[in-house]
file coords_13.tsv (TSV, C-alpha atoms)
chain	number	residue	atom	x	y	z
A	1	MET	CA	113.03	-109.60	-22.46
A	2	ASN	CA	115.80	-107.11	-21.83
A	3	GLY	CA	115.64	-103.53	-20.73
A	4	LEU	CA	113.17	-102.05	-18.24
A	5	ILE	CA	110.83	-105.03	-17.88
A	6	ASN	CA	112.07	-108.15	-16.11
A	7	ARG	CA	110.56	-111.24	-17.75
A	8	ARG	CA	109.92	-113.13	-14.54
A	9	ASP	CA	108.20	-110.13	-12.89
A	10	PHE	CA	106.15	-109.56	-16.02
A	11	ILE	CA	104.89	-113.15	-15.99
A	12	LYS	CA	104.16	-112.94	-12.24
A	13	THR	CA	102.16	-109.76	-12.74
A	14	ILE	CA	100.12	-111.23	-15.57
A	15	GLY	CA	99.53	-114.38	-13.55
A	16	ALA	CA	98.36	-112.40	-10.53
A	17	PHE	CA	96.02	-110.38	-12.69
A	18	LEU	CA	94.50	-113.49	-14.26
A	19	THR	CA	94.10	-115.10	-10.84
A	20	LEU	CA	92.27	-112.05	-9.57
A	21	LEU	CA	90.02	-112.02	-12.62
A	22	VAL	CA	89.11	-115.70	-12.30
A	23	THR	CA	88.54	-115.38	-8.53
A	24	PHE	CA	86.29	-112.39	-9.06
A	25	GLN	CA	84.22	-114.28	-11.62
A	26	PHE	CA	83.79	-117.24	-9.25
A	27	ARG	CA	82.77	-114.88	-6.45
A	28	LYS	CA	80.23	-113.25	-8.72
A	29	MET	CA	78.84	-116.66	-9.65
A	30	PHE	CA	78.43	-117.74	-6.02
A	31	GLU	CA	76.90	-114.41	-5.12
A	32	PHE	CA	74.58	-114.79	-8.05
A	33	PHE	CA	73.49	-118.29	-7.29
A	34	GLY	CA	73.58	-118.19	-3.49
A	35	THR	CA	75.17	-121.27	-1.98
A	36	GLY	CA	74.50	-123.34	-5.08
A	37	LYS	CA	73.09	-126.03	-2.83
A	38	LYS	CA	70.05	-127.97	-3.94
A	39	GLU	CA	67.20	-126.56	-1.90
A	40	LYS	CA	63.85	-128.07	-1.02
A	41	PRO	CA	61.12	-126.83	-3.35
A	42	GLY	CA	59.58	-123.62	-2.13
A	43	LEU	CA	56.03	-124.22	-0.94
A	44	LYS	CA	53.52	-121.40	-1.02
A	45	GLU	CA	49.77	-121.71	-1.06
A	46	ALA	CA	48.45	-120.94	-4.53
A	47	LYS	CA	46.12	-118.07	-5.28
A	48	TYR	CA	43.55	-119.43	-7.70
A	49	TYR	CA	41.87	-122.70	-6.83
A	50	SER	CA	38.68	-124.05	-5.33
A	51	ARG	CA	38.02	-126.88	-2.92
A	52	ALA	CA	35.85	-129.87	-3.76
A	53	ASP	CA	32.98	-128.60	-1.67
A	54	ASP	CA	32.99	-125.43	-3.82
A	55	LEU	CA	32.82	-127.38	-7.08
A	56	LEU	CA	29.55	-127.57	-8.94
A	57	GLY	CA	28.04	-130.81	-10.22
B	58	MET	CA	35.61	-134.43	3.94
B	59	SER	CA	36.96	-134.54	0.37
B	60	THR	CA	40.43	-133.13	-0.22
B	61	LYS	CA	39.92	-132.85	-3.98
B	62	ILE	CA	40.61	-129.39	-5.41
B	63	GLN	CA	40.60	-127.68	-8.79
B	64	CYS	CA	43.26	-125.25	-9.99
B	65	HIS	CA	41.99	-122.12	-11.77
B	66	LEU	CA	45.27	-120.51	-12.75
B	67	CYS	CA	45.18	-121.67	-16.35
B	68	THR	CA	42.39	-123.02	-18.51
B	69	LYS	CA	43.41	-126.64	-18.04
B	70	HIS	CA	41.59	-126.49	-14.67
B	71	CYS	CA	43.42	-129.50	-13.32
B	72	LEU	CA	41.28	-131.51	-10.89
B	73	LEU	CA	43.62	-132.86	-8.23
B	74	ASP	CA	43.32	-135.51	-5.55
B	75	ASN	CA	45.41	-135.21	-2.41
B	76	GLY	CA	49.09	-135.62	-3.37
B	77	GLN	CA	48.41	-135.13	-7.06
B	78	ARG	CA	50.33	-132.65	-9.16
B	79	GLY	CA	48.96	-130.40	-11.88
B	80	ASP	CA	49.77	-130.81	-15.56
B	81	CYS	CA	52.45	-128.15	-15.12
B	82	ARG	CA	54.31	-130.29	-12.53
B	83	ALA	CA	54.78	-127.21	-10.35
B	84	ARG	CA	51.55	-127.19	-8.31
B	85	MET	CA	50.27	-129.84	-5.94
B	86	ASN	CA	47.27	-130.66	-3.78
B	87	ILE	CA	48.55	-131.12	-0.22
B	88	ASP	CA	45.78	-132.07	2.19
B	89	GLY	CA	43.13	-130.14	0.33
B	90	LYS	CA	45.14	-127.00	-0.37
B	91	LEU	CA	46.86	-126.12	-3.62
B	92	TYR	CA	50.51	-125.19	-3.32
B	93	SER	CA	53.09	-123.81	-5.68
B	94	LEU	CA	56.14	-126.05	-5.39
B	95	VAL	CA	58.58	-123.55	-6.86
B	96	TYR	CA	58.13	-120.32	-4.92
B	97	GLY	CA	61.49	-118.60	-4.51
B	98	ASN	CA	63.34	-121.51	-6.09
B	99	PRO	CA	64.34	-120.72	-9.67
B	100	CYS	CA	66.39	-123.20	-11.62
B	101	ALA	CA	67.59	-120.66	-14.18
B	102	VAL	CA	69.04	-117.27	-13.33
B	103	HIS	CA	70.84	-115.14	-15.93
B	104	VAL	CA	71.50	-111.60	-17.03
B	105	ASP	CA	70.43	-111.28	-20.67
B	106	PRO	CA	70.26	-108.45	-23.16
B	107	ILE	CA	66.61	-107.38	-23.30
B	108	GLU	CA	66.67	-107.98	-27.06
B	109	LYS	CA	67.00	-111.71	-26.37
B	110	LYS	CA	63.50	-112.02	-24.93
B	111	PRO	CA	62.87	-110.79	-27.70
B	112	LEU	CA	61.77	-107.28	-26.88
B	113	PHE	CA	62.94	-104.70	-29.41
B	114	HIS	CA	60.74	-101.78	-28.33
B	115	VAL	CA	61.56	-101.76	-24.62
B	116	LYS	CA	64.61	-100.01	-23.15
B	117	PRO	CA	67.03	-101.06	-25.91
B	118	ALA	CA	70.60	-102.01	-25.04
B	119	THR	CA	69.75	-102.69	-21.39
B	120	SER	CA	69.99	-105.87	-19.36
B	121	ALA	CA	67.15	-108.01	-18.06
B	122	PHE	CA	67.61	-110.10	-14.91
B	123	SER	CA	66.00	-113.33	-16.08
B	124	ILE	CA	64.55	-116.10	-13.93
B	125	ALA	CA	62.57	-119.28	-14.40
B	126	THR	CA	61.46	-122.26	-12.34
B	127	ALA	CA	60.94	-125.85	-13.40
B	128	GLY	CA	57.65	-126.84	-14.99
B	129	CYS	CA	55.31	-125.51	-17.68
B	130	ASN	CA	51.65	-125.77	-18.63
B	131	GLY	CA	52.62	-126.24	-22.27
B	132	HIS	CA	54.32	-129.28	-23.75
B	133	CYS	CA	55.65	-127.98	-27.04
B	134	LYS	CA	57.41	-130.69	-28.98
B	135	PHE	CA	60.01	-128.13	-30.11
B	136	CYS	CA	60.70	-126.53	-26.72
B	137	GLN	CA	64.24	-125.22	-26.53
B	138	ASN	CA	64.08	-125.14	-22.72
B	139	TRP	CA	62.58	-128.61	-22.30
B	140	GLN	CA	65.24	-129.60	-19.77
B	141	ILE	CA	63.57	-127.32	-17.24
B	142	SER	CA	60.07	-126.87	-18.64
B	143	GLN	CA	59.27	-130.57	-18.91
B	144	ARG	CA	60.69	-131.53	-15.53
B	145	PRO	CA	59.31	-131.28	-11.99
B	146	PRO	CA	61.29	-129.09	-9.58
B	147	GLU	CA	62.81	-132.07	-7.75
B	148	GLU	CA	64.67	-132.97	-10.94
B	149	THR	CA	66.26	-129.55	-11.44
B	150	HIS	CA	69.00	-127.79	-9.56
B	151	ASN	CA	67.21	-124.93	-7.83
B	152	PHE	CA	68.46	-121.86	-6.00
B	153	ASP	CA	67.19	-120.11	-2.93
B	154	LEU	CA	66.20	-116.71	-4.33
B	155	PRO	CA	63.13	-115.18	-2.68
B	156	PRO	CA	61.47	-112.17	-4.32
B	157	GLU	CA	63.45	-109.58	-2.41
B	158	ALA	CA	66.71	-111.31	-3.38
B	159	VAL	CA	65.69	-111.26	-7.05
B	160	VAL	CA	65.18	-107.50	-6.92
B	161	ALA	CA	68.42	-106.95	-5.00
B	162	ALA	CA	70.35	-109.05	-7.53
B	163	ALA	CA	68.79	-107.17	-10.45
B	164	ILE	CA	69.90	-103.86	-8.95
B	165	ARG	CA	73.37	-105.19	-8.14
B	166	ASN	CA	73.76	-106.32	-11.75
B	167	LYS	CA	72.55	-102.97	-13.11
B	168	CYS	CA	69.48	-104.47	-14.76
B	169	GLN	CA	66.62	-102.12	-15.59
B	170	SER	CA	64.16	-105.00	-15.79
B	171	ILE	CA	63.34	-108.44	-14.44
B	172	ALA	CA	62.23	-111.03	-17.00
B	173	TYR	CA	60.06	-114.01	-16.02
B	174	THR	CA	60.99	-116.34	-18.82
B	175	TYR	CA	62.56	-119.59	-20.18
B	176	SER	CA	59.77	-121.93	-18.95
B	177	ASP	CA	56.34	-120.27	-18.65
B	178	PRO	CA	55.97	-117.83	-15.75
B	179	VAL	CA	52.24	-118.55	-15.54
B	180	ILE	CA	53.18	-121.66	-13.55
B	181	PHE	CA	55.26	-119.72	-11.03
B	182	TYR	CA	52.56	-117.06	-10.82
B	183	GLU	CA	52.80	-116.33	-7.08
B	184	TYR	CA	56.59	-115.95	-7.23
B	185	MET	CA	56.35	-113.68	-10.27
B	186	PHE	CA	53.52	-111.65	-8.71
B	187	ASP	CA	55.33	-110.99	-5.43
B	188	THR	CA	58.66	-110.24	-7.15
B	189	ALA	CA	57.01	-107.92	-9.65
B	190	GLY	CA	55.41	-105.88	-6.88
B	191	LEU	CA	58.76	-105.36	-5.17
B	192	ALA	CA	60.42	-104.57	-8.50
B	193	HIS	CA	58.00	-101.76	-9.21
B	194	GLN	CA	58.67	-100.27	-5.80
B	195	ARG	CA	62.34	-99.99	-6.84
B	196	GLY	CA	61.60	-98.61	-10.31
B	197	ILE	CA	62.45	-101.85	-12.13
B	198	LEU	CA	60.36	-102.96	-15.11
B	199	ASN	CA	58.70	-106.37	-15.22
B	200	LEU	CA	58.81	-108.42	-18.42
B	201	MET	CA	56.74	-111.54	-18.95
B	202	ILE	CA	57.70	-114.03	-21.65
B	203	THR	CA	54.82	-116.44	-21.99
B	204	ALA	CA	52.85	-118.78	-24.20
B	205	GLY	CA	49.75	-117.08	-22.83
B	206	LEU	CA	47.68	-119.93	-21.41
B	207	ILE	CA	46.22	-118.27	-18.34
B	208	GLU	CA	42.73	-117.69	-16.96
B	209	LYS	CA	41.30	-114.20	-17.22
B	210	GLU	CA	41.09	-113.40	-13.51
B	211	PRO	CA	44.76	-114.07	-12.69
B	212	LEU	CA	45.74	-112.28	-15.89
B	213	LEU	CA	43.77	-109.15	-14.98
B	214	ASP	CA	45.25	-109.19	-11.47
B	215	LEU	CA	48.77	-109.50	-12.90
B	216	CYS	CA	48.62	-106.93	-15.71
B	217	PRO	CA	49.11	-103.83	-13.53
B	218	LEU	CA	52.49	-105.26	-12.49
B	219	ILE	CA	53.69	-106.23	-15.98
B	220	ASP	CA	55.21	-103.50	-18.12
B	221	ALA	CA	55.94	-105.54	-21.24
B	222	ALA	CA	55.38	-109.04	-22.52
B	223	ASN	CA	56.47	-111.23	-25.34
B	224	VAL	CA	53.69	-113.68	-26.12
B	225	ASP	CA	54.20	-116.64	-28.41
B	226	LEU	CA	51.69	-116.78	-31.23
B	227	LYS	CA	52.89	-120.19	-32.34
B	228	SER	CA	50.36	-120.72	-35.11
B	229	ILE	CA	46.98	-119.51	-36.34
B	230	LYS	CA	45.69	-123.09	-36.39
B	231	ALA	CA	43.90	-124.54	-33.38
B	232	ASN	CA	44.99	-128.10	-34.18
B	233	PHE	CA	48.68	-127.08	-34.13
B	234	TYR	CA	48.20	-125.62	-30.67
B	235	ARG	CA	46.37	-128.73	-29.47
B	236	ASP	CA	48.50	-131.45	-31.07
B	237	ILE	CA	52.01	-129.94	-31.02
B	238	CYS	CA	51.82	-127.78	-27.88
B	239	SER	CA	48.95	-129.03	-25.67
B	240	LEU	CA	47.73	-125.42	-25.56
B	241	ASP	CA	44.62	-123.56	-26.69
B	242	LEU	CA	44.85	-120.96	-29.48
B	243	SER	CA	41.69	-119.07	-28.50
B	244	VAL	CA	42.93	-118.59	-24.93
B	245	VAL	CA	46.28	-117.32	-26.19
B	246	GLN	CA	44.57	-114.88	-28.54
B	247	ASN	CA	42.42	-113.60	-25.69
B	248	THR	CA	45.54	-113.14	-23.55
B	249	ILE	CA	47.21	-111.06	-26.26
B	250	VAL	CA	44.17	-108.82	-26.67
B	251	THR	CA	43.60	-108.48	-22.93
B	252	MET	CA	47.19	-107.57	-22.18
B	253	GLN	CA	47.13	-104.86	-24.80
B	254	GLN	CA	43.83	-103.53	-23.48
B	255	GLN	CA	45.29	-103.44	-19.95
B	256	GLY	CA	48.20	-101.27	-21.11
B	257	VAL	CA	50.91	-103.92	-21.24
B	258	TRP	CA	53.36	-103.39	-24.11
B	259	VAL	CA	53.17	-106.63	-26.14
B	260	GLU	CA	55.44	-108.10	-28.79
B	261	LEU	CA	54.67	-111.40	-30.49
B	262	THR	CA	56.91	-114.28	-31.51
B	263	ASN	CA	56.12	-116.88	-34.15
B	264	LEU	CA	58.58	-119.77	-34.42
B	265	ILE	CA	58.39	-121.04	-38.00
B	266	ILE	CA	58.75	-124.82	-38.10
B	267	PRO	CA	59.21	-126.57	-41.47
B	268	THR	CA	56.20	-128.70	-42.47
B	269	LEU	CA	54.16	-127.74	-39.39
B	270	ASN	CA	53.29	-124.02	-39.56
B	271	ASP	CA	55.34	-122.59	-42.41
B	272	THR	CA	52.94	-122.21	-45.34
B	273	GLN	CA	52.58	-118.73	-46.81
B	274	GLU	CA	48.81	-118.94	-46.43
B	275	GLU	CA	49.11	-119.63	-42.72
B	276	ILE	CA	51.62	-116.83	-42.23
B	277	ARG	CA	49.34	-114.44	-44.07
B	278	GLU	CA	46.35	-115.50	-41.98
B	279	LEU	CA	48.36	-115.01	-38.79
B	280	CYS	CA	49.43	-111.52	-39.88
B	281	ARG	CA	45.85	-110.60	-40.72
B	282	TRP	CA	44.71	-111.73	-37.27
B	283	VAL	CA	47.35	-109.49	-35.69
B	284	LYS	CA	46.39	-106.50	-37.82
B	285	ASP	CA	42.64	-106.96	-37.24
B	286	HIS	CA	42.72	-107.67	-33.51
B	287	VAL	CA	45.66	-105.78	-32.04
B	288	GLY	CA	46.75	-103.43	-34.80
B	289	CYS	CA	49.72	-102.79	-37.06
B	290	ASP	CA	51.95	-101.41	-34.32
B	291	MET	CA	52.32	-104.66	-32.39
B	292	PRO	CA	55.79	-106.02	-33.23
B	293	LEU	CA	55.92	-109.51	-34.70
B	294	HIS	CA	59.14	-111.54	-34.46
B	295	PHE	CA	59.60	-114.50	-36.78
B	296	SER	CA	62.04	-116.92	-35.25
B	297	ARG	CA	64.08	-119.66	-36.85
B	298	PHE	CA	63.49	-123.23	-35.66
B	299	TRP	CA	66.42	-125.47	-34.77
B	300	PRO	CA	65.90	-129.23	-34.32
B	301	MET	CA	65.13	-129.71	-30.66
B	302	HIS	CA	63.48	-131.96	-28.08
B	303	GLN	CA	60.91	-134.13	-29.87
B	304	LEU	CA	61.35	-132.59	-33.32
B	305	ARG	CA	64.98	-133.44	-34.01
B	306	ASN	CA	63.85	-135.10	-37.26
B	307	LEU	CA	62.92	-131.76	-38.84
B	308	PRO	CA	65.39	-129.44	-40.57
B	309	PRO	CA	66.12	-125.89	-39.45
B	310	THR	CA	63.90	-123.22	-40.98
B	311	PRO	CA	65.31	-122.12	-44.34
B	312	ILE	CA	66.32	-118.47	-44.31
B	313	ASP	CA	64.31	-118.01	-47.49
B	314	THR	CA	61.14	-119.04	-45.58
B	315	LEU	CA	61.87	-116.46	-42.91
B	316	THR	CA	62.53	-113.78	-45.51
B	317	LYS	CA	59.30	-114.61	-47.34
B	318	SER	CA	57.34	-114.50	-44.07
B	319	TYR	CA	58.92	-111.14	-43.28
B	320	GLU	CA	57.82	-109.83	-46.68
B	321	ILE	CA	54.29	-111.18	-46.24
B	322	ALA	CA	53.95	-109.49	-42.86
B	323	ARG	CA	55.20	-106.17	-44.24
B	324	SER	CA	52.85	-106.45	-47.24
B	325	GLU	CA	49.93	-107.07	-44.87
B	326	GLY	CA	50.69	-103.71	-43.28
B	327	LEU	CA	52.44	-104.67	-40.05
B	328	HIS	CA	54.82	-101.88	-39.12
B	329	PHE	CA	57.39	-103.70	-37.02
B	330	VAL	CA	58.41	-107.11	-38.30
B	331	TYR	CA	61.56	-108.89	-37.21
B	332	VAL	CA	63.53	-112.00	-38.06
B	333	GLY	CA	65.32	-113.68	-35.17
B	334	ASN	CA	68.17	-116.20	-35.01
B	335	VAL	CA	69.59	-114.93	-38.33
B	336	PRO	CA	72.34	-112.39	-37.60
B	337	GLY	CA	72.78	-109.81	-40.34
B	338	HIS	CA	69.26	-110.20	-41.75
B	339	GLU	CA	67.38	-107.04	-42.73
B	340	GLY	CA	64.72	-108.18	-40.26
B	341	ASN	CA	67.05	-107.51	-37.34
B	342	ASN	CA	66.42	-103.77	-37.81
B	343	THR	CA	63.67	-101.30	-36.97
B	344	TYR	CA	62.41	-98.99	-39.71
B	345	CYS	CA	60.23	-95.92	-39.36
B	346	PRO	CA	56.70	-96.79	-40.59
B	347	ASN	CA	56.30	-93.18	-41.77
B	348	ASP	CA	59.41	-92.37	-43.79
B	349	GLY	CA	61.00	-95.83	-44.05
B	350	LYS	CA	64.31	-94.70	-42.55
B	351	LEU	CA	66.48	-97.16	-40.65
B	352	LEU	CA	65.92	-96.39	-36.96
B	353	VAL	CA	67.70	-99.16	-35.10
B	354	LYS	CA	70.41	-101.26	-36.65
B	355	ARG	CA	71.08	-104.53	-34.84
B	356	VAL	CA	73.48	-107.38	-35.32
B	357	GLY	CA	72.04	-110.20	-33.24
B	358	TYR	CA	71.32	-108.62	-29.85
B	359	MET	CA	73.84	-105.80	-30.29
B	360	ILE	CA	72.67	-102.33	-31.30
B	361	GLN	CA	74.95	-100.56	-33.74
B	362	GLU	CA	72.82	-97.51	-34.47
B	363	ASN	CA	69.81	-96.01	-32.70
B	364	HIS	CA	67.89	-93.12	-34.25
B	365	ILE	CA	64.92	-93.22	-31.88
B	366	ILE	CA	65.18	-90.08	-29.77
B	367	ASN	CA	62.70	-89.62	-26.92
B	368	GLY	CA	60.47	-92.25	-28.49
B	369	LYS	CA	60.37	-90.55	-31.89
B	370	CYS	CA	61.95	-91.02	-35.28
B	371	GLU	CA	65.00	-88.75	-35.38
B	372	PHE	CA	64.26	-87.84	-38.98
B	373	CYS	CA	60.50	-87.21	-39.24
B	374	GLN	CA	59.54	-87.00	-35.53
B	375	SER	CA	56.89	-89.72	-35.84
B	376	GLU	CA	56.15	-91.46	-32.56
B	377	ILE	CA	57.57	-94.94	-32.41
B	378	PRO	CA	55.51	-97.10	-30.01
B	379	GLY	CA	57.28	-98.82	-27.16
B	380	ILE	CA	58.87	-98.15	-23.77
B	381	TRP	CA	62.01	-96.10	-24.41
call {"tool": "encode", "arguments": {"input": "coords_13.tsv", "output": "structure tokens"}}
result
Amino acid sequence: MNGLINRRDFIKTIGAFLTLLVTFQFRKMFEFFGTGKKEKPGLKEAKYYSRADDLLG
Amino acid sequence: MSTKIQCHLCTKHCLLDNGQRGDCRARMNIDGKLYSLVYGNPCAVHVDPIEKKPLFHVKPATSAFSIATAGCNGHCKFCQNWQISQRPPEETHNFDLPPEAVVAAAIRNKCQSIAYTYSDPVIFYEYMFDTAGLAHQRGILNLMITAGLIEKEPLLDLCPLIDAANVDLKSIKANFYRDICSLDLSVVQNTIVTMQQQGVWVELTNLIIPTLNDTQEEIRELCRWVKDHVGCDMPLHFSRFWPMHQLRNLPPTPIDTLTKSYEIARSEGLHFVYVGNVPGHEGNNTYCPNDGKLLVKRVGYMIQENHIINGKCEFCQSEIPGIW
């Protein structure tokens, strides 16, 4: 490319832009999914159940 | 002292010995107490267009922050999410996302709603319940996408927190529900009616599967049930089946079958009938039940035109039911 835009600088600029875009997307993904590590299942006592001594019959 | 317990969240009423898991794979008896195994640990987290749920009469063109955990109390042979619904949580890749983090992420991603979806949120009830309460405090809507197998008491406790729901009405035949889905039609029908009575905005989805639930007589009977029990204003989405899970031997639903079902539903007097999974179909759109004008033109999940202004038809000012 002749004239005002230098080819090498143009490619560098595009490359930097794409790098930023990809990095941002990865950051968003990690933010989204936390660490991405496999976690232990989350235990919480359930709301609706009865114990055997409450059961009829 | 016995450590046997019985779960009362859904109508399966699983009777569990110590260490035994419920049919849903997501609840377990641990030393005489029942625990959810999936609280705060979703295995699916996405931002979806709200139309994908599908919900066509709720905040159109907005995003829903969508979560699901592993497990399900249904075992539909055609499940499109079987890789998470038919697995226990130790076989899925789960994330640490407690209720407050769900709400924060929804806000950060500019979502006006949180959808409890993909598997069946009945089985992650406690997680949904706590998240939904926080969501309401921040002005975020709660959407429940469910097959509807839930006991009445937990349903009544949950309804004040749920703004809208899409409930699968998979068939009008009890044997289909029992043999293909391991669910109970009468319970699902009661859930639909109860949710409407409790002020939840409800839309229905019927997945039409060739050879299993696709006869015109069955479609007509299903439409008549809807009209008679919940009225003509409840939206009904017909969805196209794709070979999946344990029904890979069946063909996709012919578009002609979907079109015929759409016409049957309209002829039975239902006001808002939709066809899903067929981009460009007339059934993607919303029409005014009063003057017949095109109100919302959709291509897939994208809205191209919207003539519903302040919840009314732009042309004749008739009220269009929904959450706008």
call {"tool": "atom_distance", "arguments": {"input": "coords_13.tsv", "atom1": "CA of Asn199 (chain B)", "atom2": "CA of Ile171 (chain B)"}}
result
5.1 Å
call {"tool": "closest_atom_pairs", "arguments": {"input": "coords_13.tsv", "of": "chain A", "to": "chain B", "cutoff": "6 Å", "atoms": "all atoms listed in the file", "output": "JSON lines"}}
result
{"residue": "A:Lys38", "atom": "CA", "partner": "B:Asn151", "partner_atom": "CA", "distance": 5.7}
{"residue": "A:Pro41", "atom": "CA", "partner": "B:Val95", "partner_atom": "CA", "distance": 5.4}
{"residue": "A:Gly42", "atom": "CA", "partner": "B:Tyr96", "partner_atom": "CA", "distance": 4.6}
{"residue": "A:Leu43", "atom": "CA", "partner": "B:Leu94", "partner_atom": "CA", "distance": 4.8}
{"residue": "A:Lys44", "atom": "CA", "partner": "B:Ser93", "partner_atom": "CA", "distance": 5.3}
{"residue": "A:Glu45", "atom": "CA", "partner": "B:Tyr92", "partner_atom": "CA", "distance": 4.2}
{"residue": "A:Ala46", "atom": "CA", "partner": "B:Tyr92", "partner_atom": "CA", "distance": 4.9}
{"residue": "A:Tyr48", "atom": "CA", "partner": "B:His65", "partner_atom": "CA", "distance": 5.1}
{"residue": "A:Tyr49", "atom": "CA", "partner": "B:Cys64", "partner_atom": "CA", "distance": 4.3}
{"residue": "A:Ser50", "atom": "CA", "partner": "B:Gln63", "partner_atom": "CA", "distance": 5.4}
{"residue": "A:Arg51", "atom": "CA", "partner": "B:Ile62", "partner_atom": "CA", "distance": 4.4}
{"residue": "A:Ala52", "atom": "CA", "partner": "B:Lys61", "partner_atom": "CA", "distance": 5.0}
call {"tool": "atom_distance", "arguments": {"input": "coords_13.tsv", "atom1": "CA of Gly196 (chain B)", "atom2": "CA of Lys167 (chain B)"}}
result
12.1 Å
call {"tool": "atom_distance", "arguments": {"input": "coords_13.tsv", "atom1": "CA of Cys280 (chain B)", "atom2": "CA of Tyr234 (chain B)"}}
result
16.9 Å
call {"tool": "closest_residue", "arguments": {"input": "coords_13.tsv", "among": "B:His294, B:Lys317, B:Arg78, B:His193", "to": "Pro217 (chain B)", "atoms": "only C-alpha atoms"}}
result
B:His193
call {"tool": "residues_near_point", "arguments": {"input": "coords_13.tsv", "point": "(61.0, -96.6, -32.1)", "cutoff": "9 Å", "atoms": "all atoms listed in the file", "output": "CSV table (one decimal) with C-alpha atoms, in the frame of the given file"}}
result
chain,number,residue,atom,x,y,z
B,113,PHE,CA,62.9,-104.7,-29.4
B,114,HIS,CA,60.7,-101.8,-28.3
B,343,THR,CA,63.7,-101.3,-37.0
B,344,TYR,CA,62.4,-99.0,-39.7
B,345,CYS,CA,60.2,-95.9,-39.4
B,352,LEU,CA,65.9,-96.4,-37.0
B,353,VAL,CA,67.7,-99.2,-35.1
B,363,ASN,CA,69.8,-96.0,-32.7
B,364,HIS,CA,67.9,-93.1,-34.2
B,365,ILE,CA,64.9,-93.2,-31.9
B,366,ILE,CA,65.2,-90.1,-29.8
B,367,ASN,CA,62.7,-89.6,-26.9
B,368,GLY,CA,60.5,-92.2,-28.5
B,369,LYS,CA,60.4,-90.6,-31.9
B,370,CYS,CA,62.0,-91.0,-35.3
B,375,SER,CA,56.9,-89.7,-35.8
B,376,GLU,CA,56.2,-91.5,-32.6
B,377,ILE,CA,57.6,-94.9,-32.4
B,378,PRO,CA,55.5,-97.1,-30.0
B,379,GLY,CA,57.3,-98.8,-27.2
B,380,ILE,CA,58.9,-98.2,-23.8
B,381,TRP,CA,62.0,-96.1,-24.4
call {"tool": "closest_residue", "arguments": {"input": "coords_13.tsv", "among": "B:Gln253, B:Gln194, B:Gln374, B:Ser324", "to": "His286 (chain B)", "atoms": "all atoms listed in the file"}}
result
B:Gln253
call {"tool": "closest_residue", "arguments": {"input": "coords_13.tsv", "among": "B:His132, B:His302, B:Arg235, B:Lys227", "to": "Glu275 (chain B)", "atoms": "all atoms listed in the file"}}
result
B:Lys227
call {"tool": "residues_near_point", "arguments": {"input": "coords_13.tsv", "point": "(66.1, -116.6, -34.5)", "cutoff": "6 Å", "atoms": "only C-alpha atoms", "output": "PyMOL selection string"}}
result
chain B and resi 296-297+333-335
call {"tool": "closest_residue", "arguments": {"input": "coords_13.tsv", "among": "B:Val104, B:Ile141, B:Leu218, B:Leu226", "to": "Ile276 (chain B)", "atoms": "all atoms listed in the file"}}
result
B:Leu226
call {"tool": "closest_residue", "arguments": {"input": "coords_13.tsv", "among": "B:Arg277, B:Lys116, B:Arg82, B:Lys209", "to": "Gly131 (chain B)", "atoms": "only C-alpha atoms"}}
result
B:Arg82
